[in-house]
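Next up, upload.txt (compact mmCIF, C-alpha atoms and all ligand atoms):
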```txt
# COMPACT_ATOMS: atom_id res chain seq x y z
CA MET D 1 88.83 108.23 92.50
CA PHE D 2 90.09 107.16 89.10
CA ASP D 3 90.66 109.85 86.57
CA HIS D 4 87.94 109.05 84.07
CA ALA D 5 89.50 111.51 81.65
CA ASP D 6 92.71 109.45 81.58
CA PRO D 7 92.86 108.50 77.87
CA ASP D 8 94.74 105.27 78.60
CA LEU D 9 92.09 104.06 81.03
CA ALA D 10 89.24 105.23 78.82
CA GLY D 11 90.78 103.37 75.86
CA PHE D 12 91.31 100.29 78.00
CA ARG D 13 87.68 100.38 79.12
CA GLU D 14 86.49 100.56 75.52
CA GLU D 15 88.71 97.64 74.59
CA ALA D 16 87.52 95.65 77.62
CA VAL D 17 83.85 96.26 76.81
CA ALA D 18 84.33 95.10 73.20
CA TRP D 19 86.36 92.07 74.19
CA ILE D 20 83.87 90.93 76.85
CA LYS D 21 81.01 91.38 74.40
CA ALA D 22 82.78 89.23 71.81
CA ASN D 23 83.97 86.53 74.19
CA PHE D 24 81.65 86.06 77.19
CA PRO D 25 79.33 83.09 76.52
CA SER D 26 75.76 84.42 76.76
CA ALA D 27 74.67 81.14 78.42
CA LEU D 28 76.56 82.22 81.55
CA THR D 29 74.90 85.65 81.79
CA GLY D 30 73.63 86.42 85.28
CA LYS D 31 74.92 83.12 86.67
CA SER D 32 76.69 83.03 89.98
CA PRO D 33 80.37 82.04 89.71
CA THR D 34 80.21 80.34 93.15
CA PRO D 35 79.04 76.86 92.01
CA PHE D 36 81.84 76.75 89.43
CA ILE D 37 84.42 77.89 91.95
CA THR D 38 83.46 75.38 94.65
CA ASP D 39 82.44 72.46 92.44
CA GLY D 40 85.35 71.49 90.24
CA ALA D 41 83.33 68.70 88.59
CA LEU D 42 80.75 71.25 87.43
CA ALA D 43 83.49 73.61 86.26
CA ASP D 44 85.23 70.84 84.30
CA SER D 45 82.04 69.60 82.63
CA ASP D 46 80.50 72.94 81.65
CA PRO D 47 81.65 73.78 78.09
CA ASP D 48 80.67 77.47 78.39
CA TYR D 49 82.60 77.89 81.61
CA GLN D 50 85.62 76.08 80.15
CA ALA D 51 85.55 78.20 76.98
CA TRP D 52 85.27 81.40 79.04
CA LEU D 53 88.12 80.40 81.33
CA LYS D 54 90.40 79.59 78.38
CA ARG D 55 89.62 82.90 76.66
CA VAL D 56 90.28 84.95 79.81
CA VAL D 57 93.58 83.18 80.43
CA SER D 58 94.71 83.56 76.78
CA LYS D 59 93.87 87.25 76.98
CA GLY D 60 96.35 87.54 79.88
CA TRP D 61 93.59 88.38 82.36
CA GLY D 62 93.94 85.17 84.41
CA ALA D 63 95.61 87.25 87.11
CA PRO D 64 95.53 90.77 85.63
CA THR D 65 97.72 92.64 88.13
CA TRP D 66 100.41 90.07 88.87
CA PRO D 67 103.90 90.62 87.42
CA GLU D 68 104.38 89.18 83.95
CA GLU D 69 107.43 87.21 85.07
CA TYR D 70 105.09 85.07 87.20
CA GLY D 71 102.49 84.66 84.49
CA GLY D 72 100.37 87.69 85.43
CA GLY D 73 98.97 90.35 83.12
CA GLY D 74 101.20 93.16 84.44
CA LEU D 75 98.24 95.55 84.56
CA THR D 76 97.52 98.12 87.26
CA GLN D 77 94.85 97.97 89.94
CA ALA D 78 92.88 100.58 87.98
CA HIS D 79 92.80 98.28 84.95
CA SER D 80 91.69 95.36 87.09
CA VAL D 81 88.84 97.41 88.59
CA ILE D 82 87.72 98.31 85.07
CA ILE D 83 87.73 94.63 84.01
CA HIS D 84 85.61 93.64 87.01
CA GLU D 85 83.25 96.59 86.57
CA GLU D 86 82.64 95.87 82.91
CA LEU D 87 82.15 92.16 83.58
CA ALA D 88 79.56 92.90 86.27
CA ARG D 89 77.79 95.43 84.07
CA VAL D 90 76.79 92.71 81.59
CA GLY D 91 76.11 90.01 84.18
CA ALA D 92 79.47 88.31 83.57
CA PHE D 93 82.10 87.17 86.07
CA HIS D 94 85.82 86.55 86.25
CA PRO D 95 86.20 82.76 85.94
CA ASN D 96 89.63 82.60 87.58
CA HIS D 97 88.67 84.72 90.60
CA THR D 98 89.16 81.69 92.85
CA TYR D 99 90.99 80.91 96.08
CA GLY D 100 94.35 80.71 94.33
CA GLU D 101 93.97 84.01 92.48
CA MET D 102 92.15 85.87 95.26
CA MET D 103 94.28 84.85 98.21
CA LEU D 104 97.27 82.58 97.75
CA GLY D 105 98.86 84.26 94.72
CA PRO D 106 99.17 87.76 96.22
CA THR D 107 100.33 86.26 99.54
CA LEU D 108 103.05 84.18 97.88
CA LEU D 109 104.20 87.20 95.89
CA GLU D 110 104.98 88.84 99.26
CA TYR D 111 106.04 85.92 101.45
CA GLY D 112 107.07 83.06 99.15
CA ASP D 113 110.71 82.36 98.35
CA GLU D 114 111.76 82.53 94.71
CA VAL D 115 111.41 78.77 94.18
CA GLN D 116 107.89 78.78 95.63
CA LYS D 117 106.88 81.78 93.53
CA ARG D 118 108.09 80.24 90.28
CA ARG D 119 106.55 76.87 91.08
CA PHE D 120 103.12 77.87 92.38
CA ILE D 121 102.14 81.28 90.99
CA PRO D 122 102.14 80.80 87.17
CA PRO D 123 99.82 77.73 87.29
CA ILE D 124 97.31 79.84 89.27
CA ALA D 125 97.42 82.58 86.64
CA ARG D 126 96.87 79.93 83.97
CA ALA D 127 93.94 78.45 85.98
CA GLU D 128 95.56 75.01 85.97
CA VAL D 129 95.45 74.29 89.69
CA ARG D 130 92.50 74.56 92.09
CA TRP D 131 93.37 75.63 95.64
CA CYS D 132 91.34 75.42 98.84
CA GLN D 133 91.80 77.23 102.14
CA GLY D 134 92.45 75.05 105.20
CA PHE D 135 92.12 77.61 108.00
CA SER D 136 88.91 76.97 110.04
CA GLU D 137 88.69 74.08 112.48
CA PRO D 138 85.80 72.82 114.64
CA GLY D 139 87.17 74.82 117.61
CA ALA D 140 88.84 77.63 115.66
CA GLY D 141 86.67 79.82 113.41
CA SER D 142 86.57 83.42 114.53
CA ASP D 143 89.29 82.63 117.06
CA LEU D 144 91.48 81.28 114.29
CA ALA D 145 94.72 81.30 116.28
CA SER D 146 93.27 78.53 118.52
CA LEU D 147 93.82 76.07 115.68
CA GLN D 148 95.15 72.64 116.70
CA THR D 149 96.01 70.74 113.50
CA LYS D 150 99.41 69.41 114.45
CA CYS D 151 102.54 69.54 112.30
CA VAL D 152 105.71 67.85 113.53
CA ASP D 153 109.16 67.38 112.07
CA GLY D 154 109.44 63.95 110.44
CA GLY D 155 113.09 64.32 109.37
CA ASP D 156 113.10 65.19 105.67
CA HIS D 157 109.37 66.10 105.69
CA TRP D 158 106.58 67.44 107.94
CA ILE D 159 103.85 65.19 109.36
CA VAL D 160 100.39 66.77 109.61
CA THR D 161 97.54 65.39 111.75
CA GLY D 162 94.19 67.01 112.54
CA GLN D 163 90.92 68.31 111.12
CA LYS D 164 89.74 71.34 109.19
CA ILE D 165 86.12 72.33 108.54
CA TRP D 166 84.12 74.53 106.12
CA THR D 167 86.86 74.02 103.53
CA SER D 168 85.18 75.28 100.35
CA GLY D 169 85.72 73.05 97.34
CA ALA D 170 88.19 70.77 99.17
CA ASN D 171 86.86 67.65 97.43
CA HIS D 172 87.63 69.22 94.04
CA SER D 173 90.90 70.97 94.86
CA HIS D 174 94.38 69.90 93.87
CA TRP D 175 96.17 71.80 96.64
CA CYS D 176 95.39 73.35 100.03
CA PHE D 177 97.01 76.35 101.73
CA CYS D 178 96.83 75.40 105.34
CA LEU D 179 97.57 76.74 108.82
CA VAL D 180 99.12 74.22 111.18
CA ARG D 181 100.34 74.23 114.78
CA THR D 182 104.09 73.75 115.04
CA ASP D 183 104.51 74.97 118.64
CA THR D 184 102.00 74.31 121.42
CA THR D 185 103.63 76.59 124.00
CA THR D 186 102.56 79.84 122.35
CA LYS D 187 99.30 80.72 120.57
CA HIS D 188 100.00 83.07 117.63
CA GLY D 189 103.74 82.34 117.55
CA GLY D 190 103.23 78.60 117.10
CA ILE D 191 101.49 78.64 113.74
CA SER D 192 103.04 77.81 110.35
CA PHE D 193 101.77 78.18 106.77
CA LEU D 194 101.94 75.02 104.68
CA LEU D 195 101.13 74.15 101.06
CA ILE D 196 99.68 70.64 100.93
CA ASP D 197 99.05 68.47 97.87
CA MET D 198 95.48 67.17 98.30
CA SER D 199 96.41 63.88 96.63
CA SER D 200 98.84 63.05 99.47
CA PRO D 201 98.07 59.78 101.27
CA GLY D 202 96.19 60.32 104.56
CA ILE D 203 93.90 63.18 103.40
CA GLU D 204 90.15 62.68 103.37
CA ALA D 205 87.74 65.44 102.27
CA ARG D 206 84.16 64.66 103.36
CA PRO D 207 81.55 66.91 101.70
CA ILE D 208 79.05 68.62 104.02
CA TYR D 209 75.60 68.43 102.43
CA LEU D 210 73.51 71.57 102.81
CA ILE D 211 69.74 71.82 103.12
CA SER D 212 69.77 72.70 99.42
CA GLY D 213 71.27 69.31 98.58
CA SER D 214 74.39 70.97 97.22
CA THR D 215 77.79 70.81 98.86
CA HIS D 216 79.80 73.96 99.11
CA PHE D 217 82.37 72.77 101.56
CA CYS D 218 83.96 69.81 103.37
CA GLU D 219 85.39 68.52 106.56
CA VAL D 220 89.02 67.65 105.83
CA PHE D 221 90.91 65.06 107.84
CA PHE D 222 94.70 64.82 107.88
CA ASN D 223 96.02 61.48 109.13
CA ASP D 224 99.82 61.57 109.39
CA VAL D 225 100.13 63.33 106.04
CA LYS D 226 103.70 63.75 104.78
CA VAL D 227 104.46 67.21 103.39
CA PRO D 228 107.83 68.14 101.82
CA LYS D 229 109.88 70.57 103.90
CA GLU D 230 110.10 73.07 101.04
CA ASN D 231 106.30 73.56 101.13
CA MET D 232 106.41 75.71 104.27
CA VAL D 233 106.03 79.42 103.47
CA GLY D 234 107.82 82.09 105.51
CA GLY D 235 109.60 79.72 107.90
CA LEU D 236 108.78 77.70 111.02
CA ASN D 237 106.29 79.39 113.40
CA LYS D 238 106.09 82.42 111.10
CA GLY D 239 102.62 81.66 109.75
CA TRP D 240 100.41 84.08 111.70
CA PRO D 241 101.41 87.35 109.96
CA ILE D 242 101.08 85.52 106.62
CA ALA D 243 97.58 84.30 107.56
CA LYS D 244 96.52 87.81 108.56
CA ARG D 245 97.80 89.20 105.28
CA LEU D 246 96.02 86.50 103.30
CA LEU D 247 92.77 87.24 105.14
CA GLN D 248 93.13 90.89 104.15
CA PHE D 249 93.43 89.83 100.51
CA GLU D 250 90.38 87.59 100.96
CA ARG D 251 88.27 90.42 102.43
CA ASP D 252 89.52 92.86 99.83
CA SER D 253 88.45 90.46 97.08
CA LEU D 254 85.08 89.79 98.70
CA ALA D 255 84.52 93.52 99.16
CA SER D 256 85.56 94.36 95.57
CA GLY D 257 83.44 91.52 94.19
CA ARG D 258 80.33 93.18 95.59
CA ALA D 259 80.98 96.51 93.90
CA GLU D 260 78.70 96.21 90.88
CA ALA D 261 75.56 94.24 90.12
CA PRO D 262 73.00 94.64 87.36
CA SER D 263 69.95 96.74 88.34
CA LEU D 264 66.89 94.99 89.76
CA ALA D 265 64.60 97.47 87.97
CA PRO D 266 63.95 95.28 84.86
CA LEU D 267 63.06 92.32 87.11
CA ALA D 268 60.72 94.47 89.24
CA LYS D 269 59.03 95.90 86.14
CA GLN D 270 58.55 92.40 84.72
CA TYR D 271 57.01 90.93 87.88
CA LEU D 272 55.25 93.95 89.44
CA GLY D 273 54.30 95.90 86.31
CA VAL D 274 54.81 99.57 85.52
CA ASN D 275 52.83 102.76 86.22
CA ALA D 276 51.81 105.37 83.64
CA LEU D 277 55.32 106.84 83.77
CA GLY D 278 56.91 103.49 83.01
CA GLN D 279 58.26 103.19 86.58
CA ILE D 280 58.04 100.11 88.82
CA ALA D 281 54.35 100.06 89.78
CA ASP D 282 54.78 99.39 93.51
CA PRO D 283 56.10 102.66 95.02
CA ASP D 284 57.60 100.98 98.08
CA VAL D 285 59.55 98.43 96.04
CA ARG D 286 60.53 101.20 93.60
CA HIS D 287 61.97 103.20 96.48
CA ARG D 288 63.92 100.22 97.82
CA VAL D 289 65.24 99.14 94.39
CA VAL D 290 66.54 102.66 93.78
CA ARG D 291 67.95 102.91 97.30
CA ASN D 292 69.82 99.63 96.90
CA ALA D 293 71.14 100.70 93.48
CA MET D 294 72.33 104.03 94.94
CA ARG D 295 74.04 102.29 97.86
CA ALA D 296 75.71 99.90 95.38
CA ARG D 297 76.86 102.81 93.20
CA ALA D 298 78.27 104.73 96.18
CA TYR D 299 79.98 101.56 97.35
CA ALA D 300 81.50 100.96 93.89
CA HIS D 301 82.97 104.48 93.95
CA THR D 302 84.36 103.91 97.44
CA MET D 303 85.97 100.67 96.27
CA ARG D 304 87.58 102.52 93.36
CA ARG D 305 88.97 105.09 95.78
CA ALA D 306 90.27 102.30 98.04
CA ALA D 307 91.93 100.64 95.03
CA LEU D 308 93.61 103.90 94.10
CA GLU D 309 94.80 104.44 97.67
CA ALA D 310 96.20 100.92 97.69
CA LYS D 311 98.20 101.90 94.60
CA THR D 312 99.91 104.76 96.44
CA ASN D 313 100.10 103.24 99.94
CA ALA D 314 100.94 99.71 98.78
CA GLY D 315 98.89 96.99 100.37
CA VAL D 316 95.46 96.39 101.75
CA SER D 317 94.37 98.53 104.70
CA ALA D 318 92.35 97.47 107.75
CA ALA D 319 89.48 99.59 106.37
CA VAL D 320 88.74 96.63 104.13
CA SER D 321 86.96 95.03 107.13
CA ALA D 322 84.39 97.83 107.17
CA LEU D 323 84.04 97.58 103.39
CA LYS D 324 83.56 93.81 103.57
CA ASN D 325 80.63 94.32 105.95
CA LEU D 326 79.11 97.11 103.91
CA GLY D 327 79.39 95.12 100.65
CA SER D 328 77.83 92.04 102.30
CA ASP D 329 74.94 94.14 103.60
CA ILE D 330 74.20 95.71 100.20
CA ALA D 331 74.42 92.33 98.45
CA GLN D 332 72.16 90.65 101.04
CA GLU D 333 69.65 93.50 100.75
CA ARG D 334 69.68 93.01 96.97
CA ALA D 335 69.14 89.23 97.24
CA ASP D 336 66.24 89.81 99.72
CA LEU D 337 64.65 92.27 97.33
CA ALA D 338 65.01 89.95 94.34
CA VAL D 339 63.06 87.10 96.01
CA GLU D 340 60.49 89.57 97.34
CA ILE D 341 59.93 90.87 93.81
CA LEU D 342 59.51 87.31 92.51
CA GLY D 343 56.75 86.64 95.10
CA HIS D 344 55.74 82.99 95.21
CA ASN D 345 57.95 82.42 92.13
CA GLY D 346 60.87 83.12 94.47
CA LEU D 347 60.05 80.09 96.62
CA GLY D 348 61.01 77.44 94.08
CA TRP D 349 63.88 75.08 94.44
CA GLU D 350 63.29 72.97 91.38
CA GLY D 351 60.48 71.94 89.03
CA ASP D 352 58.94 72.94 85.72
CA HIS D 353 56.75 75.60 87.35
CA PHE D 354 59.75 77.82 87.91
CA ALA D 355 61.89 79.56 85.33
CA ALA D 356 65.64 78.92 85.54
CA ALA D 357 66.23 82.57 86.50
CA GLU D 358 63.73 82.25 89.37
CA ILE D 359 65.45 79.19 90.77
CA GLU D 360 68.80 80.93 90.37
CA ALA D 361 67.47 83.92 92.38
CA THR D 362 66.23 81.67 95.19
CA ARG D 363 69.57 79.90 95.39
CA ALA D 364 71.44 83.20 95.27
CA TRP D 365 69.30 84.46 98.17
CA LEU D 366 70.02 81.38 100.30
CA HIS D 367 73.71 81.61 99.49
CA SER D 368 73.75 85.32 100.37
CA ARG D 369 73.20 84.40 104.05
CA ALA D 370 76.84 83.28 104.10
CA PHE D 371 78.24 86.66 102.93
CA SER D 372 78.36 87.99 106.51
CA ILE D 373 79.98 84.80 107.83
CA TYR D 374 82.73 83.66 105.48
CA GLY D 375 85.94 85.61 105.16
CA GLY D 376 85.45 86.51 108.83
CA SER D 377 82.05 87.19 110.39
CA LEU D 378 80.36 90.58 110.65
CA GLU D 379 81.10 90.90 114.37
CA ILE D 380 84.79 90.09 113.92
CA GLN D 381 85.12 92.66 111.11
CA ASN D 382 83.49 95.24 113.38
CA ASN D 383 85.97 94.34 116.13
CA ILE D 384 88.88 94.84 113.70
CA THR D 385 87.48 98.17 112.51
CA ALA D 386 86.98 99.31 116.12
CA LYS D 387 90.53 98.42 117.09
CA ARG D 388 92.64 99.12 114.02
CA VAL D 389 90.75 101.89 112.25
CA LEU D 390 89.05 103.76 115.10
CA GLY D 391 91.74 102.99 117.68
CA LEU D 392 89.21 101.92 120.33
CA PRO D 393 90.46 99.77 123.23
CA GLY D 394 90.44 96.01 122.41
C1 LIG H 1 80.00 79.49 102.75
C2 LIG H 1 81.22 79.41 103.64
C3 LIG H 1 82.44 79.07 103.11
C4 LIG H 1 83.56 78.96 103.93
N1 LIG H 1 84.74 78.57 103.36
C5 LIG H 1 85.84 78.41 104.13
C6 LIG H 1 87.07 77.93 103.58
O1 LIG H 1 87.17 77.66 102.38
N2 LIG H 1 88.12 77.77 104.40
C7 LIG H 1 88.08 78.05 105.73
O2 LIG H 1 89.08 77.89 106.40
N3 LIG H 1 86.93 78.50 106.30
C8 LIG H 1 85.80 78.68 105.53
N4 LIG H 1 84.62 79.12 106.09
C9 LIG H 1 84.56 79.30 107.54
C10 LIG H 1 84.44 80.75 107.98
O3 LIG H 1 85.64 81.45 107.80
C11 LIG H 1 83.99 80.70 109.45
O4 LIG H 1 82.66 80.19 109.43
C12 LIG H 1 84.01 82.06 110.10
O5 LIG H 1 85.34 82.49 110.28
C13 LIG H 1 83.28 82.04 111.46
O6 LIG H 1 83.77 81.03 112.29
P1 LIG H 1 82.79 79.95 112.99
O7 LIG H 1 81.87 79.43 111.91
O8 LIG H 1 83.63 78.95 113.71
O9 LIG H 1 81.89 80.78 113.98
P2 LIG H 1 82.26 81.19 115.48
O10 LIG H 1 83.64 81.71 115.53
O11 LIG H 1 81.87 80.08 116.39
O12 LIG H 1 81.27 82.41 115.66
C14 LIG H 1 79.87 82.24 115.91
C15 LIG H 1 79.28 83.64 116.11
O13 LIG H 1 79.86 84.28 117.24
C16 LIG H 1 80.42 85.52 116.85
N5 LIG H 1 81.68 85.78 117.58
C17 LIG H 1 82.69 84.91 117.76
N6 LIG H 1 83.70 85.50 118.44
C18 LIG H 1 83.31 86.78 118.67
C19 LIG H 1 83.92 87.91 119.29
N7 LIG H 1 85.15 87.84 119.82
N8 LIG H 1 83.24 89.08 119.32
C20 LIG H 1 81.98 89.17 118.79
N9 LIG H 1 81.35 88.14 118.19
C21 LIG H 1 82.02 86.97 118.12
C22 LIG H 1 80.71 85.38 115.37
O14 LIG H 1 80.80 86.63 114.75
C23 LIG H 1 79.51 84.57 114.91
O15 LIG H 1 78.41 85.39 114.70
C24 LIG H 1 83.47 79.23 105.31
C25 LIG H 1 82.22 79.59 105.86
C26 LIG H 1 81.11 79.68 105.03
C27 LIG H 1 79.79 80.05 105.66
```

Output the file's structure as structure tokens, nothing else.
Amino acid sequence: MFDHADPDLAGFREEAVAWIKANFPSALTGKSPTPFITDGALADSDPDYQAWLKRVVSKGWGAPTWPEEYGGGGLTQAHSVIIHEELARVGAFHPNHTYGEMMLGPTLLEYGDEVQKRRFIPPIARAEVRWCQGFSEPGAGSDLASLQTKCVDGGDHWIVTGQKIWTSGANHSHWCFCLVRTDTTTKHGGISFLLIDMSSPGIEARPIYLISGSTHFCEVFFNDVKVPKENMVGGLNKGWPIAKRLLQFERDSLASGRAEAPSLAPLAKQYLGVNALGQIADPDVRHRVVRNAMRARAYAHTMRRAALEAKTNAGVSAAVSALKNLGSDIAQERADLAVEILGHNGLGWEGDHFAAAEIEATRAWLHSRAFSIYGGSLEIQNNITAKRVLGLPG
């Protein structure tokens, strides 16, 4: 647990609270960051989002914990937790908490060579480049190491051919960090990690339209795409350990991102009324709102402890798989409760009969179904916890 009496941290928290209050555009309050992160066109055209992004980057919080020499903020994990906690407390979000910042940056800091670090990391911290994650394929989701996208030596470059799927934001991304097969004679040992410019000839990103009409992700086709040799990270056939590490960073980010959410009590009071004591009128909903808030609070404390342990043990532990599942469950429970509280107002997709916040809640609920799938499904996280944390036979 963080030492709340630590004067440095307490002072930093005060400063963070004041800065967020002065700089976070109120128009973004309570909005989900996901549409901005996966839809670059929306992100580019929204003046509030753009203003918020610029302010966060100028403050040095674009990538708070990365070393300053690579454009990071040079802060500790404890500081970063405080930033995220205080953002969540007022219904704000970190606008650069995207695929580059969440996953690729920390991975490159460990596995990239010096040229790759200096070339790719600072633009992520400055939010100049949008990255997507080209891991999943039609026949390789949970069994990721079955991936077949082929990469062969073309002399002074690599040639990539194949298909990815569920690639979030691919149609709006500048670059893709991608797993490719460089040896077909061995499963895990034949995978390499490649950085691919999405404007390269031969790449086609086809959006997948959801029932909601929005597009979160794409199918991505690579037709003999030329990739410079220097864009391979970690060396030929050395991609699997890098992928596993990156997935740990992804789950850690997803788990941390679920640590705090504003209370549902004001919403429940507004829609269900209050009793003589000023409490949520419906006792069953009251019980479940409080239970969800207590679970979220306990989870936030556990995440703080995990962050502190990571500071002393260096790195992300396998326990993050259990935390990813727990965080997804609490967030899904919260989204379920929110639409239940709204009643028939929680059934709207569009139209003047529904307030913007009601439509937002419905969309958030639908999107919450994906929490237990992306970043590795619930069952796979349980398998990892069983094997690596509990030591059960695989
Ligand atoms: C919103 C969203 C965004 C995504 N964004 C990206 C992205 O940007 N980049 C990317 O590469 N991928 C992305 N994905 C893909 C995601 O990582 C995969 O969907 C996930 O890994 C599951 O793979 P799958 O869909 O192929 O399901 P499958 O692997 O076919 O699994 C289907 C079901 O079977 C279960 N199952 C499979 N194997 C086992 C097993 N051994 N033991 C027990 N149960 C098992 C799974 O848990 C699941 O419930 C995204 C997915 C979603 C929903």

**Asked** Quick one: distance from CA of Arg13 in chain D to CA of Ser317 in chain D in Å, one decimal?
**Response**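 Computing the Euclidean distance for CA of Arg13 in chain D and CA of Ser317 in chain D yields 26.5 Å.
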
**Item:** Top pick for closest residue to Glu333 in chain D, considering D:Ile242, D:Ile124, D:Met102, D:Ala296 and counting all atoms listed in the file
**Value:**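 Under the stated criterion, the closest residue is D:Ala296.
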
**Request:** Using all atoms listed in the file, find the one residue out of D:Asp329, D:Asp197, D:Asp153, D:Asp113 that sits nearest to Asp183 in chain D.
**Result:** D:Asp153

Restrict the calculation to only C-alpha atoms and all ligand atoms, then for each residue of chain D with any atom at most 8 Å from an atom of ligand LIG 1 (chain H) give the closest atom pair and their distance in Å to one decimal, rows by chain and rising residue number, as a tab-separated table.
```
residue	atom	partner	partner_atom	distance
D:Cys132	CA	H:LIG1	O1	5.9
D:Gln133	CA	H:LIG1	N2	4.4
D:Gly134	CA	H:LIG1	O2	4.6
D:Phe135	CA	H:LIG1	O2	3.4
D:Ser136	CA	H:LIG1	O2	3.8
D:Glu137	CA	H:LIG1	O8	7.1
D:Pro138	CA	H:LIG1	O8	6.6
D:Gly139	CA	H:LIG1	O8	6.7
D:Ala140	CA	H:LIG1	O8	5.7
D:Gly141	CA	H:LIG1	O8	3.2
D:Ser142	CA	H:LIG1	O10	3.5
D:Asp143	CA	H:LIG1	O10	5.9
D:Leu144	CA	H:LIG1	O5	7.4
D:Lys164	CA	H:LIG1	O2	7.1
D:Ile165	CA	H:LIG1	N3	6.6
D:Trp166	CA	H:LIG1	C8	4.5
D:Thr167	CA	H:LIG1	O1	3.8
D:Ser168	CA	H:LIG1	O1	3.7
D:Gly169	CA	H:LIG1	O1	7.0
D:Ala170	CA	H:LIG1	O1	7.7
D:His216	CA	H:LIG1	C1	6.6
D:Phe217	CA	H:LIG1	C3	6.5
D:His367	CA	H:LIG1	C1	7.4
D:Ala370	CA	H:LIG1	C27	4.6
D:Phe371	CA	H:LIG1	C27	7.3
D:Ile373	CA	H:LIG1	C27	5.2
D:Tyr374	CA	H:LIG1	C25	4.1
D:Gly375	CA	H:LIG1	O3	4.9
D:Gly376	CA	H:LIG1	O5	4.3
D:Ser377	CA	H:LIG1	O14	4.6
D:Leu378	CA	H:LIG1	O14	5.7
D:Glu379	CA	H:LIG1	O14	4.3
D:Ile380	CA	H:LIG1	O14	5.3
D:Asn383	CA	H:LIG1	N8	6.7
```

**Request:** Go through D:Ala261, D:Ala41, D:Ile359, D:Leu246 one by one, measure the shortest atom-to-atom distance of each to His84 in chain D using only C-alpha atoms, and give the residue with the smallest value.
**Result:**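 Using only C-alpha atoms, His84 in chain D sits closest to D:Ala261.
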
List the residues sitting within 12 Å of (101.2, 90.7, 106.6) in the file's frame, using all atoms listed in the file, as a PDB file with C-alpha atoms, in the frame of the given file.
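Once written, result.pdb looks like this:
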```pdb
ATOM      1  CA  PRO D 106      99.170  87.760  96.220  1.00  0.00           C
ATOM      2  CA  THR D 107     100.330  86.260  99.540  1.00  0.00           C
ATOM      3  CA  LEU D 108     103.050  84.180  97.880  1.00  0.00           C
ATOM      4  CA  LEU D 109     104.200  87.200  95.890  1.00  0.00           C
ATOM      5  CA  GLU D 110     104.980  88.840  99.260  1.00  0.00           C
ATOM      6  CA  TYR D 111     106.040  85.920 101.450  1.00  0.00           C
ATOM      7  CA  GLY D 234     107.820  82.090 105.510  1.00  0.00           C
ATOM      8  CA  LYS D 238     106.090  82.420 111.100  1.00  0.00           C
ATOM      9  CA  GLY D 239     102.620  81.660 109.750  1.00  0.00           C
ATOM     10  CA  TRP D 240     100.410  84.080 111.700  1.00  0.00           C
ATOM     11  CA  PRO D 241     101.410  87.350 109.960  1.00  0.00           C
ATOM     12  CA  ILE D 242     101.080  85.520 106.620  1.00  0.00           C
ATOM     13  CA  ALA D 243      97.580  84.300 107.560  1.00  0.00           C
ATOM     14  CA  LYS D 244      96.520  87.810 108.560  1.00  0.00           C
ATOM     15  CA  ARG D 245      97.800  89.200 105.280  1.00  0.00           C
ATOM     16  CA  LEU D 246      96.020  86.500 103.300  1.00  0.00           C
ATOM     17  CA  LEU D 247      92.770  87.240 105.140  1.00  0.00           C
ATOM     18  CA  GLN D 248      93.130  90.890 104.150  1.00  0.00           C
ATOM     19  CA  PHE D 249      93.430  89.830 100.510  1.00  0.00           C
ATOM     20  CA  ALA D 314     100.940  99.710  98.780  1.00  0.00           C
ATOM     21  CA  GLY D 315      98.890  96.990 100.370  1.00  0.00           C
ATOM     22  CA  VAL D 316      95.460  96.390 101.750  1.00  0.00           C
ATOM     23  CA  SER D 317      94.370  98.530 104.700  1.00  0.00           C
ATOM     24  CA  ALA D 318      92.350  97.470 107.750  1.00  0.00           C
TER      25      ALA D 318
END
```

**Request:** Measuring atom to atom with only C-alpha atoms, identify which of D:Arg89, D:Lys187, D:Arg119, D:Arg126 is nearest to Pro64 in chain D.
**Result:**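 That would be D:Arg126, the residue with the smallest distance to Pro64 in chain D.
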
**Message:** Set the distance at 12 Å and use only C-alpha atoms: which residues neighbour range 337-351 of chain D once local chain neighbours fewer than 5 positions away are removed? I'd like the list as JSON, numbers by chain.
**Reply:** {"D": [211, 212, 213, 214, 262, 263, 264, 265, 266, 267, 268, 269, 270, 271, 272, 273, 280, 281, 282, 284, 285, 286, 287, 288, 289, 290, 291, 292, 293, 330, 331, 332, 356, 357, 358, 359, 360, 361, 362, 363, 364, 365, 366, 368]}

Taking 4 positions as the minimum chain separation for residues in the same chain, which residues sit within 10 Å of range 45-49 of chain D when counting only C-alpha atoms? Answer as a PDB file with C-alpha atoms, keeping the file's coordinate frame.
```
ATOM      1  CA  PHE D  24      81.650  86.060  77.190  1.00  0.00           C
ATOM      2  CA  PRO D  25      79.330  83.090  76.520  1.00  0.00           C
ATOM      3  CA  SER D  26      75.760  84.420  76.760  1.00  0.00           C
ATOM      4  CA  ALA D  27      74.670  81.140  78.420  1.00  0.00           C
ATOM      5  CA  LEU D  28      76.560  82.220  81.550  1.00  0.00           C
ATOM      6  CA  PRO D  33      80.370  82.040  89.710  1.00  0.00           C
ATOM      7  CA  PHE D  36      81.840  76.750  89.430  1.00  0.00           C
ATOM      8  CA  GLY D  40      85.350  71.490  90.240  1.00  0.00           C
ATOM      9  CA  ALA D  41      83.330  68.700  88.590  1.00  0.00           C
ATOM     10  CA  LEU D  53      88.120  80.400  81.330  1.00  0.00           C
ATOM     11  CA  LYS D  54      90.400  79.590  78.380  1.00  0.00           C
ATOM     12  CA  ARG D  55      89.620  82.900  76.660  1.00  0.00           C
ATOM     13  CA  PRO D  95      86.200  82.760  85.940  1.00  0.00           C
TER      14      PRO D  95
END
```
